[in-house]
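Q: Here you go, one structure.
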Amino acid sequence: MTNTVIKCDSVYKIFGANAKKMLHDANGNVDAKTFQENGCIVGVNNASFEVSKGELLVVMGLSGSGKSTLLRCISRLTDATGGKIFIEGQDLLSLNNKELIDLRRNKMGMVFQSFALLPHKTVLENIAFPLQIKGVEDQESINKAMDMVKLVGLDGRENYFPRELSGGQQQRVGIARSLAVEPDIWFLDEPFSALDPLIRKEMQDEFLRLQEKLQKTIMFITHDFDEALKLADRIAIMKDGIIEQLDTPANIVLNPATEYVRKFTQEVPREKVLKIEDIMEKPHNENLSDLKVSKNETIENVAEKILTQEKSVGVIDENNQIVGTVHPSKIINTVFGGKKNSD
């Protein structure tokens with residue numbers, strides 16, 4: 001048994017009266033322009049990928065790229081036009097309504113851009129609400145909700161109403177509510193995009209703290225590349241319903257697969273994104289500097305030290321063993337637009 005939690009196999013979502021027939025006739029070769037000329041809009045075009053247990057996959061793209069449509073297909077808020085979707089090996093598209101509701105209530109948590117809080121209920125009551133729908137007794141649901149209040153840092157505000165909270169605090173309530181049912185899989189659709197930049201950064205930090213503690217399997221939708229780079233284990237970049245590239249943040253920055261992805265990465269401050277291990281060379285029998293740096297450091301944190309050296313610097317792992325080397329020229333080459341050399 002693999003640790004794959006979500007698997008998409010050639011998933012299509014096409015809007016329009018003739019969508020199924022056109023997809024069948026196209027035999028898997030869907031051209032968005034041709035479909036549009038025939039009254040259909042292609043939302044997701046042949047998406048195939050897997051998400052592993054505990055992985056945080058960020059799906060990003062500009063407005064209309066298909067990222068939210070893909071998420072809605074995987075949560076089955078929208079039915080896919082074609083392909084297969086599996087959740088922990090279970091065929092999502094074969095589930096009846098009751099099975100689907102059970103899956104959503106017990107396995108999935110969802111957070112959307114709109115907070116969708118119930119205005120007449122307090123913070124505590126909002127968070128307890130999905131538990132009470134599941135049939136959890138009132139006191140047990142309140143106790144669990146209080147644990148969630150503490151988890152997201154809203155102690156002392158549990159009896160506030162949504163109108164008495166800031167945007168960031170309201171979003172924390174939404175996150176706490178989705179976590180209350182202890183979902184294995186967490187879907188977040190642009191949850192921070194309505195927040196101002198400072199609160200957004202705080203929420204990203206909070207989100208990373210929660211994920212480090214909870215280790216959920218997450219699909220996170222955003223149009224913000226900086227946000228994707230900060231949060232993701234892997235990033236899927238979409239355009240016109242197609243996944244242009246699915247890779248680690250470092251590989252997307254260093255080796256963009258298409259011109260579209262390259263444009264996304266052009267302005268990225270590489271030194272903030274890339275770690276030393278992303279650019280290190282294999283160790284050779286060379287005379288190294290006395291300086292050593294951890295493979296897990298970002299380039300930004302150690303660049304100044306490395307650039308004062310004349311020789312290559314040793315790169316060490318958690319056990320202080322040398323696993324690679326970095327020459328000062330590699331730092332300059334990477335930060336100022338150079339690409340990773342192939343060995």
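All residue names refer to the structure tokens as shown: chains lettered A, B, ... in order, residues numbered from 1 in each chain, ligands numbered from 1 in order.
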What parts of segment 277-324 of chain A does DSSP call strand (DSSP E or B)? I'd like the answer as a list in words.

A: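 After running DSSP on the backbone, segment 277-324 of chain A has strand (DSSP E or B) at Glu281, Lys292, Val293, Ser294, Thr298, Val313, Gly314, Val315, Ile316, Ile322, Val323 and Gly324 of chain A.
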
Q: Run DSSP on the backbone and tell me which residues of segment 111-343 of chain A come out as alpha helix (DSSP H); list them as a PyMOL selection string.

A: chain A and resi 123-133+138-151+167-180+197-214+225-231+249-254+259-265+270-273+276-279+299-307+328-335

Q: Distance table requested - segment 126-243 of chain A against segment 256-278 of chain A, cut-off 10 Å, only C-alpha atoms: one row per qualifying residue with the closest atom pair and its distance in Å to one decimal, ordered by chain and rising residue number, as JSON lines.

A:
```
{"residue": "A:Asp224", "atom": "CA", "partner": "A:Phe264", "partner_atom": "CA", "distance": 9.9}
{"residue": "A:Phe225", "atom": "CA", "partner": "A:Phe264", "partner_atom": "CA", "distance": 7.3}
{"residue": "A:Asp226", "atom": "CA", "partner": "A:Val268", "partner_atom": "CA", "distance": 7.7}
{"residue": "A:Leu229", "atom": "CA", "partner": "A:Val273", "partner_atom": "CA", "distance": 6.9}
{"residue": "A:Lys230", "atom": "CA", "partner": "A:Val273", "partner_atom": "CA", "distance": 7.7}
{"residue": "A:Ile237", "atom": "CA", "partner": "A:Val261", "partner_atom": "CA", "distance": 7.2}
{"residue": "A:Met238", "atom": "CA", "partner": "A:Val261", "partner_atom": "CA", "distance": 9.0}
{"residue": "A:Lys239", "atom": "CA", "partner": "A:Tyr260", "partner_atom": "CA", "distance": 8.2}
```

Q: Store the residues of this selection in a file with C-alpha atoms, as a PDB file, in the first residue's frame.

A:
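Contents of out10.pdb, freshly written:
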```
ATOM      1  CA  ASP A 224       0.468  34.465  -5.510  1.00  0.00           C
ATOM      2  CA  PHE A 225       3.806  32.894  -6.479  1.00  0.00           C
ATOM      3  CA  ASP A 226       5.593  34.205  -3.375  1.00  0.00           C
ATOM      4  CA  LEU A 229       7.115  29.319  -2.735  1.00  0.00           C
ATOM      5  CA  LYS A 230       6.811  29.943   0.986  1.00  0.00           C
ATOM      6  CA  ILE A 237       1.412  25.764 -12.085  1.00  0.00           C
ATOM      7  CA  MET A 238      -1.726  25.857 -14.251  1.00  0.00           C
ATOM      8  CA  LYS A 239      -2.567  27.726 -17.451  1.00  0.00           C
TER       9      LYS A 239
END
```

Q: Name all residues at most 10 Å from segment 114-123 of chain A (count only C-alpha atoms; drop same-chain ones fewer than 5 positions away) and give them as a PyMOL selection string.

A: chain A and resi 128-129+145-146+149+154+157-165+167-177+189-194

Q: Restrict the selected residues to C-alpha atoms and save them as an mmCIF file, in the first residue's frame.

A:
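The resulting file, out29.cif, is reproduced below:
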```
data_model
loop_
_atom_site.group_PDB
_atom_site.id
_atom_site.type_symbol
_atom_site.label_atom_id
_atom_site.label_comp_id
_atom_site.auth_asym_id
_atom_site.auth_seq_id
_atom_site.Cartn_x
_atom_site.Cartn_y
_atom_site.Cartn_z
ATOM 1 C CA ALA A 128 -18.392 23.705 17.135
ATOM 2 C CA PHE A 129 -21.060 23.830 14.397
ATOM 3 C CA ALA A 145 -13.925 23.860 19.688
ATOM 4 C CA MET A 146 -12.085 25.415 22.634
ATOM 5 C CA VAL A 149 -9.519 28.263 19.577
ATOM 6 C CA LEU A 154 -7.809 33.150 19.559
ATOM 7 C CA ARG A 157 -12.065 35.872 21.867
ATOM 8 C CA GLU A 158 -14.121 32.674 21.942
ATOM 9 C CA ASN A 159 -17.295 34.573 22.874
ATOM 10 C CA TYR A 160 -16.873 37.320 20.261
ATOM 11 C CA PHE A 161 -19.181 37.495 17.261
ATOM 12 C CA PRO A 162 -17.649 37.599 13.741
ATOM 13 C CA ARG A 163 -18.410 41.339 13.376
ATOM 14 C CA GLU A 164 -16.155 41.987 16.397
ATOM 15 C CA LEU A 165 -13.127 40.331 14.753
ATOM 16 C CA GLY A 167 -10.260 39.880 8.829
ATOM 17 C CA GLY A 168 -7.292 37.818 9.956
ATOM 18 C CA GLN A 169 -9.104 36.696 13.110
ATOM 19 C CA GLN A 170 -12.175 35.721 11.068
ATOM 20 C CA GLN A 171 -9.976 33.643 8.791
ATOM 21 C CA ARG A 172 -8.497 31.903 11.844
ATOM 22 C CA VAL A 173 -12.026 30.969 12.895
ATOM 23 C CA GLY A 174 -12.618 29.506 9.429
ATOM 24 C CA ILE A 175 -9.398 27.483 9.708
ATOM 25 C CA ALA A 176 -10.271 26.307 13.230
ATOM 26 C CA ARG A 177 -13.763 25.275 12.100
ATOM 27 C CA ASP A 189 -8.956 27.877 -1.886
ATOM 28 C CA GLU A 190 -7.146 31.246 -1.741
ATOM 29 C CA PRO A 191 -7.812 31.497 2.001
ATOM 30 C CA PHE A 192 -5.592 34.550 2.578
ATOM 31 C CA SER A 193 -6.160 36.571 -0.600
ATOM 32 C CA ALA A 194 -8.727 38.915 1.005
#
```

Q: Using only C-alpha atoms, which of A:Leu93, A:Leu195, A:Leu23, A:Ile243 sits nearest Val58 of chain A?

A: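 Once distances to Val58 of chain A are computed over only C-alpha atoms, the minimum belongs to A:Ile243.
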
Q: If you count only C-alpha atoms, which residues fall within 10 Å of segment 204-206 of chain A, apart from same-chain ones fewer than 4 positions away, as a list in words?

A: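 Near neighbours after the sequence-gap exclusion: Leu151, Val152, Gly153, Arg172, Pro191, Phe192, Ile199, Arg200, Leu210, Gln211, Glu212, Glu227, Lys230 and Leu231 of chain A.
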
Q: Please determine, counting only C-alpha atoms, which residue among A:Trp186, A:Phe49, A:Phe207, A:Phe35 has the shortest atom-to-atom distance to Thr4 of chain A.

A: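 Under the stated criterion, the closest residue is A:Phe49.
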
Q: Interatomic distance between atom CA of Leu56 of chain A and atom CA of Val42 of chain A?

A: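 Spanning atom CA of Leu56 of chain A to atom CA of Val42 of chain A is a straight-line distance of 26.0 Å.
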
Q: Would you mind telling me which residue in A:Asn18, A:Ala236, A:Ala80, A:Lys53 lies nearest to Ser94 of chain A when using only C-alpha atoms?

A: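 Selected residue with least distance to Ser94 of chain A: A:Ala80.
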
Q: Mind giving me the straight-line distance from atom CA of Thr69 of chain A to atom CA of Ser10 of chain A in Å, one decimal?

A: 14.5 Å

Q: Can you list, as a ChimeraX atom specification, every protein, DNA or RNA residue that comes within 6 Å of segment 310-320 of chain A when you count only C-alpha atoms, leaving out same-chain residues fewer than 5 positions away?

A: /A:288-289,291-295,325-327

Q: Which residues, written as an MDAnalysis selection string, have at least one atom at most 6 Å from Leu57 of chain A, with only C-alpha atoms counted and residues fewer than 6 positions away on the same chain left out?

A: chainID A and resid 219 232 234:235
